[in-house]
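Okay, entry_29.tsv is below, TSV, C-alpha atoms:
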```tsv
chain	number	residue	atom	x	y	z
A	289	MET	CA	0.00	0.00	0.00
A	290	LYS	CA	1.28	3.48	-0.86
A	291	THR	CA	1.80	5.88	2.00
A	292	CYS	CA	0.93	9.57	2.10
A	293	LEU	CA	1.94	12.06	4.76
A	294	VAL	CA	-0.64	14.82	5.19
A	295	VAL	CA	0.99	17.98	6.54
A	296	ASP	CA	-1.42	20.72	7.61
A	297	ASP	CA	-1.92	22.68	10.81
A	298	SER	CA	-5.70	22.39	10.48
A	299	ARG	CA	-7.09	19.23	11.99
A	300	VAL	CA	-10.22	19.60	9.86
A	301	ILE	CA	-8.23	19.74	6.60
A	302	ARG	CA	-6.15	16.74	7.66
A	303	LYS	CA	-9.32	14.81	8.37
A	304	VAL	CA	-10.90	15.71	5.01
A	305	ALA	CA	-7.69	14.92	3.11
A	306	ARG	CA	-7.28	11.64	5.00
A	307	ARG	CA	-10.76	10.48	3.97
A	308	ILE	CA	-10.18	11.33	0.31
A	309	LEU	CA	-6.73	9.74	0.22
A	310	GLU	CA	-7.82	6.60	2.06
A	311	ASP	CA	-10.57	6.17	-0.53
A	312	LEU	CA	-7.86	6.39	-3.18
A	313	GLY	CA	-6.01	3.54	-1.48
A	314	PHE	CA	-3.34	5.37	0.52
A	315	GLU	CA	-2.17	4.64	4.03
A	316	ILE	CA	-2.09	7.98	5.86
A	317	ALA	CA	0.23	9.59	8.38
A	318	GLU	CA	-0.39	13.12	9.68
A	319	ALA	CA	1.84	16.01	10.76
A	320	SER	CA	0.76	19.48	11.87
A	321	ASP	CA	3.88	21.41	10.85
A	322	GLY	CA	7.05	21.08	8.80
A	323	MET	CA	9.24	20.06	11.71
A	324	GLU	CA	6.94	17.21	12.67
A	325	ALA	CA	6.78	16.19	9.01
A	326	LEU	CA	10.59	16.08	8.80
A	327	ALA	CA	10.70	13.80	11.83
A	328	TRP	CA	8.21	11.47	10.10
A	329	CYS	CA	10.26	11.46	6.90
A	330	ARG	CA	13.49	10.69	8.73
A	331	ALA	CA	11.78	7.69	10.34
A	332	ALA	CA	10.11	6.44	7.14
A	333	MET	CA	9.99	8.21	3.77
A	334	PRO	CA	6.38	8.25	2.49
A	335	ASP	CA	5.53	7.78	-1.21
A	336	ALA	CA	3.59	11.04	-1.29
A	337	ILE	CA	3.29	14.21	0.77
A	338	LEU	CA	0.30	16.54	0.71
A	339	LEU	CA	1.75	19.78	1.98
A	340	ASP	CA	0.21	22.99	3.32
A	341	TRP	CA	2.22	26.22	2.96
A	342	ASN	CA	1.42	28.37	5.99
A	343	MET	CA	2.07	26.53	9.24
A	344	PRO	CA	3.66	27.39	12.61
A	345	VAL	CA	7.17	26.19	13.61
A	346	MET	CA	8.24	25.31	10.06
A	347	ASN	CA	6.23	26.22	6.97
A	348	GLY	CA	5.72	24.07	3.88
A	349	ILE	CA	8.33	25.61	1.60
A	350	GLU	CA	11.07	25.42	4.27
A	351	PHE	CA	10.10	21.82	4.93
A	352	LEU	CA	10.31	21.01	1.22
A	353	ARG	CA	13.81	22.52	0.90
A	354	HIS	CA	14.99	20.54	3.93
A	355	LEU	CA	13.35	17.37	2.64
A	356	ARG	CA	14.94	17.53	-0.79
A	357	SER	CA	18.42	17.79	0.78
A	358	GLU	CA	17.86	14.79	3.09
A	359	PRO	CA	19.10	11.31	2.18
A	360	GLY	CA	16.23	9.69	0.24
A	361	GLY	CA	14.41	13.03	0.27
A	362	ALA	CA	14.20	13.21	-3.53
A	363	LYS	CA	11.89	10.19	-3.60
A	364	PRO	CA	8.53	11.37	-2.22
A	365	THR	CA	6.11	13.01	-4.59
A	366	VAL	CA	5.19	16.34	-3.06
A	367	VAL	CA	1.86	17.97	-3.79
A	368	PHE	CA	1.35	21.41	-2.28
A	369	CYS	CA	-2.17	22.06	-1.03
A	370	THR	CA	-2.57	25.67	0.03
A	371	VAL	CA	-4.65	28.83	-0.14
A	372	GLU	CA	-1.67	30.56	-1.78
A	373	ASN	CA	-2.98	30.81	-5.34
A	374	ASP	CA	-0.74	33.25	-7.20
A	375	LEU	CA	1.84	32.36	-9.83
A	376	GLU	CA	4.78	33.55	-7.69
A	377	HIS	CA	4.01	31.02	-4.98
A	378	ILE	CA	3.44	28.24	-7.51
A	379	ARG	CA	6.75	28.98	-9.28
A	380	GLU	CA	8.58	29.10	-5.96
A	381	ALA	CA	7.10	25.73	-4.98
A	382	LEU	CA	8.08	24.09	-8.28
A	383	ALA	CA	11.59	25.55	-8.05
A	384	ALA	CA	11.94	24.08	-4.54
A	385	GLY	CA	11.04	20.63	-5.89
A	386	ALA	CA	7.25	20.32	-5.62
A	387	ASN	CA	5.71	17.91	-8.14
A	388	GLU	CA	2.18	19.27	-8.22
A	389	TYR	CA	0.18	22.08	-6.67
A	390	ILE	CA	-3.40	22.28	-5.42
A	391	MET	CA	-5.05	25.59	-4.66
A	392	LYS	CA	-7.60	25.41	-1.83
A	393	PRO	CA	-10.49	24.88	-1.73
A	394	PHE	CA	-10.09	21.37	-3.10
A	395	ASP	CA	-12.34	18.36	-3.48
A	396	GLY	CA	-11.87	14.66	-4.12
A	397	ASP	CA	-11.85	15.13	-7.90
A	398	ILE	CA	-9.01	17.64	-7.76
A	399	ILE	CA	-6.87	15.50	-5.47
A	400	ALA	CA	-7.51	12.41	-7.62
A	401	SER	CA	-6.74	14.32	-10.83
A	402	LYS	CA	-3.48	15.69	-9.40
A	403	LEU	CA	-2.37	12.27	-8.17
A	404	VAL	CA	-3.03	10.82	-11.63
A	405	GLU	CA	-0.90	13.67	-12.98
A	406	VAL	CA	2.08	12.62	-10.87
A	407	GLY	CA	1.53	8.93	-11.57
A	408	LEU	CA	0.34	7.91	-8.10
A	409	ALA	CA	-3.29	7.00	-8.75
B	864	MET	CA	-42.51	21.32	-15.59
B	865	THR	CA	-45.45	19.39	-16.94
B	866	ARG	CA	-44.89	16.05	-18.61
B	867	GLU	CA	-46.00	17.60	-21.90
B	868	ASP	CA	-43.44	20.43	-21.64
B	869	CYS	CA	-40.65	17.99	-20.81
B	870	GLU	CA	-41.53	15.98	-23.89
B	871	LEU	CA	-41.67	19.11	-26.02
B	872	ALA	CA	-38.20	20.19	-24.86
B	873	ALA	CA	-36.83	16.71	-25.60
B	874	GLN	CA	-38.48	16.66	-29.00
B	875	ILE	CA	-37.03	20.09	-29.93
B	876	CYS	CA	-33.53	18.87	-28.99
B	877	ALA	CA	-33.96	15.70	-31.02
B	878	SER	CA	-35.25	17.36	-34.16
B	879	ARG	CA	-32.85	20.30	-34.23
B	880	ALA	CA	-29.61	18.82	-32.97
B	881	GLY	CA	-30.18	15.09	-32.77
B	882	LEU	CA	-29.70	15.45	-29.06
B	883	LEU	CA	-30.95	12.68	-26.79
B	884	VAL	CA	-32.76	14.22	-23.80
B	885	ASP	CA	-34.67	12.06	-21.34
B	886	PRO	CA	-38.05	13.73	-20.70
B	887	ASP	CA	-38.26	11.84	-17.37
B	888	LYS	CA	-35.31	13.82	-15.99
B	889	THR	CA	-37.46	16.69	-14.82
B	890	TYR	CA	-34.87	17.97	-12.38
B	891	PHE	CA	-32.18	18.14	-15.08
B	892	LEU	CA	-34.53	19.90	-17.49
B	893	GLU	CA	-35.66	22.42	-14.88
B	894	SER	CA	-32.17	23.22	-13.62
B	895	ARG	CA	-30.97	23.88	-17.18
B	896	LEU	CA	-34.06	25.74	-18.37
B	897	ALA	CA	-34.66	28.01	-15.36
B	898	PRO	CA	-31.71	30.29	-16.30
B	899	VAL	CA	-32.96	30.43	-19.91
B	900	ALA	CA	-36.43	31.48	-18.76
B	901	ARG	CA	-34.93	34.19	-16.52
B	902	ARG	CA	-32.65	35.47	-19.25
B	903	GLU	CA	-35.49	35.61	-21.77
B	904	GLY	CA	-37.69	37.59	-19.39
B	905	PHE	CA	-40.26	34.93	-18.45
B	906	ASN	CA	-41.62	34.51	-14.93
B	907	SER	CA	-41.27	30.75	-15.03
B	908	ILE	CA	-40.31	27.81	-17.23
B	909	ASP	CA	-44.02	27.14	-17.68
B	910	ASP	CA	-44.52	30.65	-19.10
B	911	MET	CA	-41.58	30.16	-21.45
B	912	MET	CA	-42.84	26.81	-22.72
B	913	GLY	CA	-46.33	28.28	-23.16
B	914	ASP	CA	-44.91	31.11	-25.22
B	915	LEU	CA	-42.87	28.66	-27.28
B	916	LYS	CA	-45.95	26.59	-28.12
B	917	LEU	CA	-47.84	29.71	-29.09
B	918	LYS	CA	-45.23	31.51	-31.20
B	919	ARG	CA	-42.79	28.78	-32.24
B	920	ASP	CA	-39.99	31.29	-31.89
B	921	ASP	CA	-36.90	29.83	-33.55
B	922	ARG	CA	-34.40	31.74	-31.43
B	923	LEU	CA	-36.04	30.64	-28.18
B	924	ALA	CA	-36.13	27.03	-29.37
B	925	TRP	CA	-32.38	27.18	-30.04
B	926	ALA	CA	-31.73	28.74	-26.63
B	927	ILE	CA	-33.45	25.72	-25.09
B	928	VAL	CA	-31.43	23.28	-27.21
B	929	GLU	CA	-28.17	25.03	-26.32
B	930	ALA	CA	-28.94	24.94	-22.61
B	931	LEU	CA	-29.70	21.23	-22.70
B	932	ALA	CA	-26.76	20.36	-24.95
B	933	ALA	CA	-24.00	21.64	-22.67
B	934	GLY	CA	-21.93	18.77	-21.32
B	935	GLU	CA	-19.13	18.45	-18.84
B	936	THR	CA	-15.57	19.00	-19.94
B	937	ALA	CA	-12.11	19.27	-18.44
B	938	PHE	CA	-8.58	20.04	-19.59
B	939	TYR	CA	-6.88	16.90	-20.93
B	940	ARG	CA	-10.02	14.92	-20.20
B	941	ASP	CA	-9.25	11.17	-19.99
B	942	ARG	CA	-5.52	12.00	-20.64
B	943	LYS	CA	-4.98	9.05	-22.94
B	944	PRO	CA	-6.25	10.62	-26.19
B	945	PHE	CA	-3.94	13.58	-25.62
B	946	GLN	CA	-0.92	11.38	-24.92
B	947	GLN	CA	-1.78	9.52	-28.13
B	948	PHE	CA	-2.06	12.81	-29.96
B	949	GLU	CA	1.33	14.02	-28.69
B	950	THR	CA	3.32	10.82	-29.13
B	951	GLU	CA	1.71	9.19	-32.18
B	952	ILE	CA	-0.84	11.18	-34.15
B	953	LEU	CA	0.97	14.50	-34.39
B	954	PRO	CA	4.45	13.08	-35.19
B	955	THR	CA	2.95	10.70	-37.80
B	956	LEU	CA	1.01	13.45	-39.53
B	957	ALA	CA	3.99	15.80	-39.33
B	958	ARG	CA	6.01	13.26	-41.34
B	959	LEU	CA	3.20	12.69	-43.84
B	960	ARG	CA	2.26	16.32	-44.38
B	961	GLY	CA	5.72	17.90	-44.47
B	962	LEU	CA	5.18	21.61	-44.99
B	963	GLU	CA	1.43	21.29	-45.52
B	964	PRO	CA	-0.54	22.39	-42.46
B	965	ILE	CA	-2.11	19.74	-40.21
B	966	ARG	CA	-5.73	20.67	-39.56
B	967	ILE	CA	-7.30	19.71	-36.25
B	968	TRP	CA	-10.95	20.12	-35.31
B	969	SER	CA	-12.56	19.95	-31.89
B	970	ALA	CA	-16.20	19.27	-32.78
B	971	ALA	CA	-18.54	20.22	-29.93
B	972	CYS	CA	-15.81	22.12	-28.09
B	973	GLY	CA	-18.02	23.32	-25.23
B	974	SER	CA	-16.15	25.81	-23.08
B	975	GLY	CA	-12.90	25.16	-24.95
B	976	GLN	CA	-10.84	22.93	-22.67
B	977	GLU	CA	-10.32	20.25	-25.34
B	978	ILE	CA	-9.06	22.49	-28.15
B	979	TYR	CA	-6.92	24.52	-25.74
B	980	SER	CA	-5.39	21.31	-24.37
B	981	LEU	CA	-4.46	20.39	-27.94
B	982	ALA	CA	-3.14	23.91	-28.55
B	983	MET	CA	-0.94	23.78	-25.43
B	984	SER	CA	0.35	20.36	-26.48
B	985	VAL	CA	1.21	21.68	-29.95
B	986	ALA	CA	2.91	24.75	-28.46
B	987	ASP	CA	4.93	22.60	-26.03
B	988	LEU	CA	6.03	20.25	-28.83
B	989	ARG	CA	7.06	23.14	-31.06
B	990	ALA	CA	10.79	22.51	-30.51
B	991	ASP	CA	10.47	18.88	-31.67
B	992	LEU	CA	8.48	19.79	-34.77
B	993	PRO	CA	9.95	23.08	-35.93
B	994	GLU	CA	8.72	22.77	-39.54
B	995	THR	CA	5.23	21.55	-38.78
B	996	LYS	CA	2.29	23.88	-39.29
B	997	VAL	CA	-0.81	23.16	-37.25
B	998	GLU	CA	-4.20	24.81	-37.69
B	999	LEU	CA	-6.70	24.42	-34.89
B	1000	PHE	CA	-10.45	24.76	-35.30
B	1001	ALA	CA	-13.21	24.50	-32.73
B	1002	SER	CA	-16.95	24.45	-33.11
B	1003	ASP	CA	-19.98	24.14	-30.94
B	1004	LEU	CA	-23.73	24.27	-31.30
B	1005	SER	CA	-23.95	26.94	-28.63
B	1006	GLU	CA	-22.99	30.57	-29.19
B	1007	ARG	CA	-22.76	31.02	-25.45
B	1008	ALA	CA	-20.31	28.16	-25.13
B	1009	LEU	CA	-18.24	29.62	-27.98
B	1010	GLU	CA	-18.17	33.01	-26.28
B	1011	LYS	CA	-16.97	31.52	-23.02
B	1012	ALA	CA	-14.40	29.41	-24.82
B	1013	GLN	CA	-13.03	32.36	-26.77
B	1014	SER	CA	-12.63	34.42	-23.61
B	1015	GLY	CA	-10.07	31.89	-22.37
B	1016	LEU	CA	-11.21	32.62	-18.81
B	1017	TYR	CA	-11.46	29.75	-16.35
B	1018	THR	CA	-12.22	29.44	-12.65
B	1019	GLN	CA	-9.68	28.09	-10.17
B	1020	PHE	CA	-11.80	24.95	-10.01
B	1021	GLU	CA	-11.70	24.49	-13.82
B	1022	VAL	CA	-7.92	24.91	-14.10
B	1023	GLN	CA	-7.41	22.23	-11.45
B	1024	ARG	CA	-9.29	19.53	-13.29
B	1025	GLY	CA	-6.85	17.75	-15.59
B	1026	LEU	CA	-4.42	20.59	-16.15
B	1027	PRO	CA	-0.85	19.84	-14.99
B	1028	ILE	CA	0.48	22.64	-12.80
B	1029	ARG	CA	3.44	23.23	-15.16
B	1030	LYS	CA	1.05	23.90	-18.04
B	1031	LEU	CA	-0.87	26.35	-15.84
B	1032	VAL	CA	2.36	28.19	-15.06
B	1033	ALA	CA	3.48	28.14	-18.70
B	1034	HIS	CA	0.24	29.24	-20.36
B	1035	PHE	CA	-2.00	31.10	-17.90
B	1036	GLU	CA	-2.00	34.41	-16.07
B	1037	LYS	CA	-4.08	35.24	-13.04
B	1038	SER	CA	-6.78	37.82	-13.53
B	1039	GLU	CA	-8.59	38.72	-10.32
B	1040	GLU	CA	-9.98	35.38	-9.11
B	1041	MET	CA	-9.97	33.85	-12.59
B	1042	TRP	CA	-7.22	32.35	-14.74
B	1043	VAL	CA	-6.80	33.56	-18.29
B	1044	LEU	CA	-5.11	31.64	-21.07
B	1045	SER	CA	-2.27	33.45	-22.81
B	1046	PRO	CA	-3.11	35.26	-26.07
B	1047	ARG	CA	-0.43	33.14	-27.78
B	1048	ILE	CA	-2.51	29.99	-27.21
B	1049	ARG	CA	-5.88	31.62	-27.76
B	1050	GLN	CA	-4.79	32.99	-31.13
B	1051	MET	CA	-3.99	29.49	-32.37
B	1052	VAL	CA	-7.69	28.58	-32.53
B	1053	ARG	CA	-10.41	29.55	-34.99
B	1054	TRP	CA	-14.03	29.29	-33.86
B	1055	ARG	CA	-17.34	28.64	-35.56
B	1056	ARG	CA	-20.89	27.65	-34.71
B	1057	VAL	CA	-21.64	24.26	-36.24
B	1058	ASN	CA	-24.60	21.92	-35.93
B	1059	LEU	CA	-22.99	18.53	-36.52
B	1060	ILE	CA	-26.11	16.94	-37.97
B	1061	ALA	CA	-26.83	19.76	-40.42
B	1062	ASP	CA	-25.24	19.82	-43.87
B	1063	LEU	CA	-21.66	20.41	-42.88
B	1064	ASN	CA	-20.09	23.06	-44.98
B	1065	THR	CA	-16.54	23.05	-43.71
B	1066	ASN	CA	-13.77	24.66	-45.66
B	1067	GLY	CA	-11.49	21.80	-46.54
B	1068	ARG	CA	-10.98	18.61	-44.63
B	1069	PHE	CA	-9.43	17.90	-41.26
B	1070	ASP	CA	-6.61	15.51	-40.43
B	1071	VAL	CA	-7.76	14.95	-36.86
B	1072	ILE	CA	-11.27	15.32	-35.47
B	1073	PHE	CA	-11.91	15.17	-31.73
B	1074	CYS	CA	-15.63	14.50	-31.29
B	1075	ARG	CA	-15.93	13.00	-27.84
B	1076	TYR	CA	-19.11	12.18	-25.94
B	1077	VAL	CA	-21.28	13.57	-28.72
B	1078	LEU	CA	-22.25	10.30	-30.42
B	1079	SER	CA	-23.42	8.72	-27.16
B	1080	GLY	CA	-25.56	11.77	-26.39
B	1081	MET	CA	-27.41	11.58	-29.69
B	1082	THR	CA	-30.65	9.92	-30.70
B	1083	PRO	CA	-30.03	6.54	-32.37
B	1084	GLN	CA	-31.60	7.86	-35.60
B	1085	MET	CA	-29.08	10.70	-35.90
B	1086	ARG	CA	-25.92	8.74	-35.01
B	1087	PRO	CA	-25.26	7.41	-38.54
B	1088	ARG	CA	-25.70	10.90	-39.92
B	1089	LEU	CA	-23.17	12.36	-37.49
B	1090	LEU	CA	-20.59	9.74	-38.46
B	1091	GLU	CA	-21.24	10.23	-42.20
B	1092	ASN	CA	-20.76	13.98	-41.75
B	1093	LEU	CA	-17.54	13.49	-39.80
B	1094	ALA	CA	-16.24	11.04	-42.43
B	1095	ARG	CA	-16.85	13.59	-45.17
B	1096	ALA	CA	-14.95	16.21	-43.14
B	1097	LEU	CA	-11.95	13.94	-42.49
B	1098	THR	CA	-9.00	13.44	-44.84
B	1099	PRO	CA	-8.72	9.85	-46.15
B	1100	ASP	CA	-5.73	9.16	-43.89
B	1101	GLY	CA	-6.99	11.21	-40.94
B	1102	PHE	CA	-8.06	10.16	-37.46
B	1103	LEU	CA	-11.31	10.49	-35.55
B	1104	VAL	CA	-11.16	10.48	-31.75
B	1105	LEU	CA	-14.34	9.45	-29.92
B	1106	GLY	CA	-15.02	9.38	-26.18
B	1107	GLU	CA	-14.08	6.46	-23.94
B	1108	GLY	CA	-16.43	3.57	-24.58
B	1109	GLU	CA	-18.22	5.17	-27.55
B	1110	SER	CA	-18.82	2.51	-30.17
B	1111	ILE	CA	-19.59	2.70	-33.87
B	1112	THR	CA	-20.51	-0.97	-34.16
B	1113	GLY	CA	-23.80	-1.29	-35.95
B	1114	VAL	CA	-24.10	2.48	-36.31
B	1115	SER	CA	-22.17	3.27	-39.47
B	1116	GLU	CA	-19.65	1.71	-41.81
B	1117	ALA	CA	-17.95	5.05	-42.41
B	1118	PHE	CA	-15.19	4.36	-39.88
B	1119	GLN	CA	-13.22	1.46	-38.55
B	1120	PRO	CA	-11.49	1.23	-35.18
B	1121	VAL	CA	-7.70	1.51	-35.16
B	1122	ALA	CA	-6.40	-1.77	-33.72
B	1123	GLY	CA	-4.97	-1.51	-30.22
B	1124	ARG	CA	-5.96	2.15	-29.90
B	1125	PRO	CA	-9.30	2.39	-28.08
B	1126	GLY	CA	-11.20	5.54	-29.00
B	1127	LEU	CA	-9.25	6.05	-32.23
B	1128	PHE	CA	-10.93	5.54	-35.60
B	1129	ALA	CA	-9.90	5.77	-39.24
B	1130	ARG	CA	-12.05	6.10	-42.33
B	1131	ASN	CA	-13.20	2.86	-43.87
B	1132	PRO	CA	-11.80	2.82	-47.42
B	1133	ALA	CA	-14.53	0.40	-48.49
B	1134	HIS	CA	-17.28	2.81	-47.50
B	1135	ARG	CA	-18.34	4.74	-50.61
B	1136	ALA	CA	-20.92	7.16	-49.27
B	1137	ALA	CA	-18.26	9.10	-47.44
B	1138	ALA	CA	-15.98	9.54	-50.44
```
What would the structure in this file look like if it were written as structure tokens?
Amino acid sequence: MKTCLVVDDSRVIRKVARRILEDLGFEIAEASDGMEALAWCRAAMPDAILLDWNMPVMNGIEFLRHLRSEPGGAKPTVVFCTVENDLEHIREALAAGANEYIMKPFDGDIIASKLVEVGLA
Amino acid sequence: MTREDCELAAQICASRAGLLVDPDKTYFLESRLAPVARREGFNSIDDMMGDLKLKRDDRLAWAIVEALAAGETAFYRDRKPFQQFETEILPTLARLRGLEPIRIWSAACGSGQEIYSLAMSVADLRADLPETKVELFASDLSERALEKAQSGLYTQFEVQRGLPIRKLVAHFEKSEEMWVLSPRIRQMVRWRRVNLIADLNTNGRFDVIFCRYVLSGMTPQMRPRLLENLARALTPDGFLVLGEGESITGVSEAFQPVAGRPGLFARNPAHRAAA
């Protein structure tokens, strides 16, 4: 079973994303900020990461830059999932190594379509 | 809506556009026709249908057909046909045509996602096919759909269905809360209102026709006619792309499926009516 780490400081968003991703056949782990997510990744690299941008302690883009420089950190497919919906943020995310980008609000169709895009569903 | 009005609406769609509308789907009919009634200045759908029966106004009848014809669409819908287009159809035709333009038609283009997906693919393959000329055409039954398509404006929801983020970054700009396709891509497409079951009077033939999820939405009587019309509009060595699961078996001899390529059809050389 493929694993997906859902990183978001909102418990509600994590719950919604978990339901959608479980229906798509993923096993889910959750983290509420970038630091917690890094700890998860160091313990076991997931196949995919659904990543919020604005979070306390360590935000999504900082997490992504750290992740990509970790051993094995190039492997996970990272899909941003954020309210940041301007081209500057999207370009910055892609430059930092994001594979796809979802602008909130999202639904099951959007998540499924993006995962197909990156070859995970 | 009364049963009689539902049947009238379905009958208008069938006779004018060959469109299959189920008169039992009252909710669907009402949700599509309520905005038409409002726009046309009627107090209710019932008033509009009453007026239609009385005056047989052609323009109003078409407004009803257009509202009921609109289907769902998404960028790179089903993905596969577009991958096939990029990796097989376009390179093959580029070799065959040389300096002659390749003509591509999105028949029933709706709000434009299909033809724009093809246009973005062509633009992104430009470096691999520097000599190849591609002409893109799009048509729809509905003037309103054509207007929306030509605007190149899409909601955040629309640009997240099927469109890879790198294509969004490469070809769109943000405009307020909407996303607008770059003029470079929009200018690649020529638009026209076409009723696919009328006498098609297209200028020249097309090398590729995308006509997806139209056949399956038509009345059985009109399906052969649609395929005959498309065959006449296609070059002898061109390709027709139908929607996933749409079959021509027992409908018309004008096309034959391309082996191993579901959804892809070629003209049947043995079929004379289309010649």
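The shortest atom-to-atom distance to Glu380 in chain A, with all atoms listed in the file taken into account, belongs to A:Ile349 out of A:Ile349, A:Ala305, A:Val404, A:Ala362.
With CA of Pro1083 in chain B on one side and CA of Leu892 in chain B on the other, the separation reads 20.5 Å.
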Just want the 6 Å neighbourhood of range 1088-1103 of chain B, counted on only C-alpha atoms, with same-chain residues fewer than 6 positions away dropped. Output as a PyMOL selection string. chain B and resi 1060+1068-1072+1127-1129+1137
Take the selection from the previous step and output its residues with C-alpha atoms, as a compact mmCIF listing (two decimals), in the coordinates of the input.
```txt
# COMPACT_ATOMS: atom_id res chain seq x y z
CA ILE B 1060 -26.11 16.94 -37.97
CA ARG B 1068 -10.98 18.61 -44.63
CA PHE B 1069 -9.43 17.90 -41.26
CA ASP B 1070 -6.61 15.51 -40.43
CA VAL B 1071 -7.76 14.95 -36.86
CA ILE B 1072 -11.27 15.32 -35.47
CA LEU B 1127 -9.25 6.05 -32.23
CA PHE B 1128 -10.93 5.54 -35.60
CA ALA B 1129 -9.90 5.77 -39.24
CA ALA B 1137 -18.26 9.10 -47.44
```
Please identify every residue of chain B that has at least one atom no more than 12 Å from any atom of chain A, counting only C-alpha atoms, and report them as a short mmCIF file (atom, residue, chain, number, x, y, z; two decimals) with C-alpha atoms, in the frame of the given file.
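Result file is selection.cif:
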```cif
data_model
loop_
_atom_site.label_atom_id
_atom_site.label_comp_id
_atom_site.auth_asym_id
_atom_site.auth_seq_id
_atom_site.Cartn_x
_atom_site.Cartn_y
_atom_site.Cartn_z
CA ALA B 937 -12.11 19.27 -18.44
CA PHE B 938 -8.58 20.04 -19.59
CA TYR B 939 -6.88 16.90 -20.93
CA ARG B 940 -10.02 14.92 -20.20
CA ASP B 941 -9.25 11.17 -19.99
CA ARG B 942 -5.52 12.00 -20.64
CA LYS B 943 -4.98 9.05 -22.94
CA THR B 1018 -12.22 29.44 -12.65
CA GLN B 1019 -9.68 28.09 -10.17
CA PHE B 1020 -11.80 24.95 -10.01
CA GLU B 1021 -11.70 24.49 -13.82
CA VAL B 1022 -7.92 24.91 -14.10
CA GLN B 1023 -7.41 22.23 -11.45
CA ARG B 1024 -9.29 19.53 -13.29
CA GLY B 1025 -6.85 17.75 -15.59
CA LEU B 1026 -4.42 20.59 -16.15
CA PRO B 1027 -0.85 19.84 -14.99
CA ILE B 1028 0.48 22.64 -12.80
CA ARG B 1029 3.44 23.23 -15.16
CA LYS B 1030 1.05 23.90 -18.04
CA LEU B 1031 -0.87 26.35 -15.84
CA VAL B 1032 2.36 28.19 -15.06
CA ALA B 1033 3.48 28.14 -18.70
CA HIS B 1034 0.24 29.24 -20.36
CA PHE B 1035 -2.00 31.10 -17.90
CA GLU B 1036 -2.00 34.41 -16.07
CA LYS B 1037 -4.08 35.24 -13.04
CA SER B 1038 -6.78 37.82 -13.53
CA GLU B 1039 -8.59 38.72 -10.32
CA GLU B 1040 -9.98 35.38 -9.11
CA MET B 1041 -9.97 33.85 -12.59
CA TRP B 1042 -7.22 32.35 -14.74
#
```
Do a neighbour search on range 985-999 of chain B at 9 Å with all atoms listed in the file, toss out local chain neighbours closer than 4 positions, and write the hits as a VMD selection string. chain B and resid 949 953 to 954 957 to 958 960 to 969 978 980 to 981 1030 1048 1051 to 1054
Write to file, as a CSV table (one decimal), in the frame of the given file, the residues of the selection just made, with C-alpha atoms.
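In the end it all went to selection12.csv:
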```csv
chain,number,residue,atom,x,y,z
B,949,GLU,CA,1.3,14.0,-28.7
B,953,LEU,CA,1.0,14.5,-34.4
B,954,PRO,CA,4.4,13.1,-35.2
B,957,ALA,CA,4.0,15.8,-39.3
B,958,ARG,CA,6.0,13.3,-41.3
B,960,ARG,CA,2.3,16.3,-44.4
B,961,GLY,CA,5.7,17.9,-44.5
B,962,LEU,CA,5.2,21.6,-45.0
B,963,GLU,CA,1.4,21.3,-45.5
B,964,PRO,CA,-0.5,22.4,-42.5
B,965,ILE,CA,-2.1,19.7,-40.2
B,966,ARG,CA,-5.7,20.7,-39.6
B,967,ILE,CA,-7.3,19.7,-36.2
B,968,TRP,CA,-11.0,20.1,-35.3
B,969,SER,CA,-12.6,20.0,-31.9
B,978,ILE,CA,-9.1,22.5,-28.2
B,980,SER,CA,-5.4,21.3,-24.4
B,981,LEU,CA,-4.5,20.4,-27.9
B,1030,LYS,CA,1.0,23.9,-18.0
B,1048,ILE,CA,-2.5,30.0,-27.2
B,1051,MET,CA,-4.0,29.5,-32.4
B,1052,VAL,CA,-7.7,28.6,-32.5
B,1053,ARG,CA,-10.4,29.6,-35.0
B,1054,TRP,CA,-14.0,29.3,-33.9
```
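Here CA of Ser320 in chain A stands at a distance of 7.2 Å from CA of Ser298 in chain A.
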Separation of CA of Glu358 in chain A from CA of Leu309 in chain A in Å: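 We find that CA of Leu309 in chain A and CA of Glu358 in chain A lie 25.3 Å from each other.
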Would you kindly return, as a list in words, each protein, DNA or RNA residue with an atom no farther than 9 Å from any atom of range 871-874 of chain B, considering only C-alpha atoms and excluding same-chain residues fewer than 6 positions away? Leu882, Leu883, Val884, Asp885, Pro886, Leu892, Met912, Lys916, Ala924, Ile927, Val928 and Leu931 of chain B
Among listed residues A:Ala336, A:Ala325, A:Ala383, A:Met346, nearest Lys363 in chain A (using only C-alpha atoms):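 Residue with the minimum atom-to-atom distance to Lys363 in chain A: A:Ala336.
Look at Thr365 in chain A: the protein and nucleic acid residues within 10 Å of it, using all atoms listed in the file and passing over chain neighbours fewer than 6 places away, are Cys292, Pro334, Asp335, Ala336, Ile337, Leu338, Gly385, Ala386, Asn387, Glu388, Leu403, Val406, Gly407 and Leu408 of chain A.
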Pick out the residues sitting within 8 Å of Leu355 in chain A, and hand them over as number ranges by chain; count only C-alpha atoms, and ignore anything fewer than 4 positions along from it in its own chain. A: 326, 329, 351, 361-362
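Among the candidates A:Arg307, A:Ala319, A:Val366, A:Ile301, the one nearest to Pro344 in chain A when counting all atoms listed in the file is A:Ala319.
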Taking into account all atoms listed in the file, which residue in the set B:Ala930, B:Ser1110, B:Asp868, B:Gly1067 is nearest to Ala897 in chain B?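 Closest residue, counting all atoms listed in the file: B:Ala930.
Of the listed residues A:Leu293, A:Met333, A:Leu339, A:Val304, the one whose atoms come nearest to Ala317 in chain A is A:Leu293, with distances taken using all atoms listed in the file.
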